[in-house]
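Heads up: the structure comes next, in C-alpha cells.
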Amino acid sequence: MVKLTLYGLDPSPPVRAVKLTLAALNLTYDYVNVDIVARAQLSPEYLEKNPQHTVPTLEDDGHYIWDSHAIMAYLVSKYADSDALYPKDPLQRAVVDQRLHFESGVVFANGIRTISKLVLFQGQTKVPKERYDAIIEIYDFVETFLKGHDYIAGNQLTIADFSLLSSVSSIEAFVSLDTAKYPRIGAWIKKLEQLPYYEDANGKGVRQLVAIFKKTNFTFDN
C-alpha cells in the first residue's frame, strides 16, 4: 500500500506541478497545507523534513524529497506503468530535462520568485520594468519551444508540461497572455485544461494566486 504525503499550498506553482503528476499517475496521497504566511515552513518539524524550508515536500515511506522537478521524476520512475511522462530515451529525456531546468532557473527563479519577493514579501507596489521584460521573454521562449509540437517537449505529454503549465499559467498574474501574439501557448494551455484532473490540480490554485496579486494593486514602472 503506497503511503504518500504532499506538503504544500495550492497557490504555489511547484506544488501544483507535483499535484498534476500525482493525478496523472492516479496516486492517492494525503495533503498537508503549509501556511507560509504563518511561517510554518520554518518550524522545527518542517525543517527536519526539508532543511531548505521550501514547498513542495513529498513524504514516501518515511523518506522526504523536495524540489518539484526531483519529486515529479521520482514519482514517474517509481510508480508509473511506463516511461511516457519521463522518457528513458536519452535524447527525449534531455529535452524534458532542459525544459525542467528552464522552468526552474528562468520561469520560476527569474520570473515568479523575483516579482513575488518584491510585491508579497517587501510590500512594493512599483515593480521595475525589467521584471515585465523578463515575463515577456518567458512567453517568447515558450512559444518557440512549442513550434511544431503539441506539447512542450515533443509530441507527448511529459512532466515538463506539468512543470511549465503550473508556472506559465501563473505568470498571467503579472502579464496577461496575449493569445494573438502567442497562439501556440494559448492552444497548449487549452489542450491541457481538458485533462480531467486539471481544475483540481492546477486551475483553482492559479485563481488563488492571481487573486493574491490582484489585491496588492502592483504596477510595473514605465
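FYI, nothing fancy with the C-alpha cells labels: chains A, B, ... in order, residues from 1 per chain, ligands from 1 as they appear.
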Report task. For stretch 112-129 of chain A, please output as an MDAnalysis selection string all residues within 9 Å (counting only C-alpha atoms; exclusion window: fewer than 3 positions along the same chain). Result -> chainID A and resid 106:109 132:135 167 170:171 174 212:213 216:222
Show me, as a tab-separated table (two decimals) with all heavy atoms, in the first residue's frame, the residues that have an atom within 8 Å of stretch 36-41 of chain A when counting only C-alpha atoms, minus same-chain residues fewer than 2 positions from it.
```
chain	number	residue	atom	x	y	z
A	34	VAL	N	0.69	23.92	4.08
A	34	VAL	CA	1.78	24.59	4.79
A	34	VAL	C	1.50	26.10	4.75
A	34	VAL	O	1.53	26.72	3.69
A	34	VAL	CB	3.15	24.29	4.15
A	34	VAL	CG1	4.26	25.02	4.91
A	34	VAL	CG2	3.41	22.79	4.13
A	43	SER	N	9.19	25.93	10.93
A	43	SER	CA	9.04	25.21	12.20
A	43	SER	C	10.08	24.10	12.28
A	43	SER	O	10.52	23.56	11.25
A	43	SER	CB	7.64	24.61	12.31
A	43	SER	OG	7.48	23.55	11.37
A	46	TYR	N	9.06	21.01	10.32
A	46	TYR	CA	9.17	21.07	8.85
A	46	TYR	C	10.64	21.08	8.41
A	46	TYR	O	11.00	20.43	7.43
A	46	TYR	CB	8.45	22.29	8.30
A	46	TYR	CG	8.23	22.22	6.80
A	46	TYR	CD1	7.18	21.47	6.28
A	46	TYR	CD2	9.09	22.85	5.90
A	46	TYR	CE1	6.98	21.37	4.90
A	46	TYR	CE2	8.91	22.75	4.53
A	46	TYR	CZ	7.84	22.01	4.04
A	46	TYR	OH	7.66	21.90	2.68
A	47	LEU	N	11.47	21.81	9.15
A	47	LEU	CA	12.89	21.86	8.81
A	47	LEU	C	13.55	20.49	8.91
A	47	LEU	O	14.51	20.19	8.20
A	47	LEU	CB	13.61	22.86	9.72
A	47	LEU	CG	13.30	24.33	9.46
A	47	LEU	CD1	13.90	25.21	10.55
A	47	LEU	CD2	13.81	24.77	8.09
A	53	HIS	N	13.43	24.49	3.64
A	53	HIS	CA	12.11	25.05	4.00
A	53	HIS	C	11.34	25.59	2.79
A	53	HIS	O	10.81	26.69	2.79
A	53	HIS	CB	12.24	26.12	5.10
A	53	HIS	CG	13.26	27.20	4.87
A	53	HIS	ND1	13.03	28.28	4.06
A	53	HIS	CD2	14.51	27.35	5.37
A	53	HIS	CE1	14.10	29.05	4.07
A	53	HIS	NE2	15.01	28.51	4.85
A	54	THR	N	11.28	24.75	1.73
A	54	THR	CA	10.53	25.10	0.53
A	54	THR	C	9.30	24.18	0.42
A	54	THR	O	9.18	23.19	1.13
A	54	THR	CB	11.39	24.90	-0.72
A	54	THR	OG1	11.91	23.55	-0.73
A	54	THR	CG2	12.56	25.88	-0.75
```
Requested in this report: Determine, counting only C-alpha atoms, which protein, DNA and RNA residues have an atom within 8 Å of an atom of stretch 55-72 of chain A; residues of the same chain fewer than 5 positions away are not included. Present the result as a list in words.
Outcome: Val2, Lys3, Leu4, Thr5, Leu6, Tyr7, Gly8, Leu9, Ser12, Pro14, Val15, Ala17, Val18, Thr21, Val34, Lys49, Asn50, Leu100, Ile159 and Ser163 of chain A
Requested in this report: Could you pull out the residues in stretch 34-201 of chain A that DSSP calls helix (DSSP H, G or I) from the backbone, as a PyMOL selection string?
Outcome: chain A and resi 40-42+44-49+68-79+90-121+129-145+159-168+171-173+183-193+198-201
Could you save those same residues with C-alpha atoms as a short mmCIF file (atom, residue, chain, number, x, y, z; two decimals), in the first residue's frame?
```
data_model
loop_
_atom_site.label_atom_id
_atom_site.label_comp_id
_atom_site.auth_asym_id
_atom_site.auth_seq_id
_atom_site.Cartn_x
_atom_site.Cartn_y
_atom_site.Cartn_z
CA ALA A 40 5.06 27.08 9.20
CA GLN A 41 7.83 26.12 6.79
CA LEU A 42 10.33 27.38 9.37
CA PRO A 44 11.48 22.66 13.62
CA GLU A 45 9.16 19.87 12.45
CA TYR A 46 9.17 21.07 8.85
CA LEU A 47 12.89 21.86 8.81
CA GLU A 48 13.54 18.28 9.90
CA LYS A 49 11.74 17.14 6.74
CA SER A 68 9.12 19.76 -7.61
CA HIS A 69 11.30 18.61 -10.51
CA ALA A 70 13.02 15.95 -8.39
CA ILE A 71 9.66 14.84 -6.97
CA MET A 72 8.00 14.51 -10.37
CA ALA A 73 10.88 12.48 -11.81
CA TYR A 74 10.90 10.27 -8.71
CA LEU A 75 7.17 9.60 -8.87
CA VAL A 76 7.28 8.58 -12.53
CA SER A 77 10.40 6.47 -12.07
CA LYS A 78 8.94 4.62 -9.09
CA TYR A 79 5.21 4.41 -9.74
CA PRO A 90 18.49 9.73 -23.73
CA LEU A 91 17.57 12.36 -26.31
CA GLN A 92 13.92 12.60 -25.29
CA ARG A 93 14.90 12.80 -21.64
CA ALA A 94 17.45 15.51 -22.38
CA VAL A 95 14.73 17.68 -23.95
CA VAL A 96 12.44 17.12 -20.96
CA ASP A 97 15.30 17.92 -18.57
CA GLN A 98 16.13 21.09 -20.47
CA ARG A 99 12.54 22.28 -20.14
CA LEU A 100 12.58 21.46 -16.42
CA HIS A 101 15.79 23.43 -15.91
CA PHE A 102 14.31 26.30 -17.93
CA GLU A 103 11.26 26.31 -15.68
CA SER A 104 13.38 26.27 -12.55
CA GLY A 105 16.04 28.79 -13.50
CA VAL A 106 14.17 31.15 -15.80
CA VAL A 107 10.40 30.98 -15.33
CA PHE A 108 10.28 30.43 -11.59
CA ALA A 109 13.52 31.97 -10.33
CA ASN A 110 13.80 34.94 -12.70
CA GLY A 111 10.08 35.45 -13.26
CA ILE A 112 7.76 34.39 -10.48
CA ARG A 113 10.05 34.48 -7.46
CA THR A 114 11.62 37.87 -8.15
CA ILE A 115 8.24 39.60 -8.51
CA SER A 116 6.74 37.67 -5.58
CA LYS A 117 9.63 38.73 -3.36
CA LEU A 118 9.20 42.41 -4.26
CA VAL A 119 5.42 42.54 -4.02
CA LEU A 120 4.42 40.00 -1.39
CA PHE A 121 7.38 40.00 0.97
CA LYS A 129 10.19 47.36 -15.96
CA GLU A 130 12.96 44.78 -16.32
CA ARG A 131 10.71 42.34 -14.45
CA TYR A 132 7.98 42.93 -17.03
CA ASP A 133 10.52 42.35 -19.79
CA ALA A 134 11.55 39.08 -18.14
CA ILE A 135 7.95 37.82 -18.28
CA ILE A 136 7.66 38.75 -21.96
CA GLU A 137 10.91 36.92 -22.66
CA ILE A 138 9.50 33.82 -20.94
CA TYR A 139 6.42 33.92 -23.17
CA ASP A 140 8.68 34.32 -26.22
CA PHE A 141 10.76 31.28 -25.29
CA VAL A 142 7.78 29.05 -24.53
CA GLU A 143 6.10 30.00 -27.80
CA THR A 144 9.30 28.99 -29.60
CA PHE A 145 9.56 25.69 -27.71
CA ILE A 159 6.33 16.13 -16.61
CA ALA A 160 7.84 19.12 -18.44
CA ASP A 161 4.29 20.08 -19.41
CA PHE A 162 3.14 19.86 -15.80
CA SER A 163 6.07 21.95 -14.60
CA LEU A 164 5.73 24.68 -17.20
CA LEU A 165 1.93 24.67 -17.20
CA SER A 166 1.89 25.39 -13.48
CA SER A 167 4.26 28.34 -13.85
CA VAL A 168 3.25 29.77 -17.24
CA ILE A 171 2.68 34.46 -14.71
CA GLU A 172 -0.65 35.68 -16.03
CA ALA A 173 -0.93 37.17 -12.53
CA PRO A 183 -1.17 31.35 -30.29
CA ARG A 184 0.83 28.18 -29.58
CA ILE A 185 0.87 28.86 -25.84
CA GLY A 186 -2.86 29.57 -25.90
CA ALA A 187 -3.58 26.30 -27.73
CA TRP A 188 -1.25 24.33 -25.45
CA ILE A 189 -2.90 25.65 -22.29
CA LYS A 190 -6.37 24.93 -23.71
CA LYS A 191 -5.31 21.38 -24.53
CA LEU A 192 -4.02 20.77 -21.02
CA GLU A 193 -7.10 22.35 -19.46
CA TYR A 198 -6.59 19.96 -14.42
CA GLU A 199 -9.06 22.01 -12.39
CA ASP A 200 -8.34 20.43 -9.03
CA ALA A 201 -4.59 20.12 -9.54
#
```
Report task. Mind the document's chain letters and residue numbers, and return as a list of chain:residue names the residues of stretch 28-151 of chain A that DSSP labels strand (DSSP E or B). Result ->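 Selection result, strand (DSSP E or B) within stretch 28-151 of chain A: A:Asp30, A:Tyr31, A:Val32, A:Asn33, A:Thr57, A:Leu58, A:Glu59, A:Asp60, A:His63, A:Tyr64, A:Ile65, A:Trp66, A:Lys126, A:Val127, A:Tyr151.
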Query raised in the report: Do you have the atom CA of A:Tyr86-atom CA of A:Gly154 distance handy?
Result: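 The value is 11.7 Å.
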Report task. Would you work out the distance separating atom CA of A:Val210 from atom CA of A:Thr179, expressed in Å to one decimal? Result ->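 Spanning atom CA of A:Val210 to atom CA of A:Thr179 is a straight-line distance of 18.2 Å.
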Report task. Find the spatial neighbours of A:Gly205, counting only C-alpha atoms, within a cut-off of 8 Å - ignore same-chain residues fewer than 6 positions away - and output them as a PyMOL selection string. Result -> chain A and resi 10-13+16
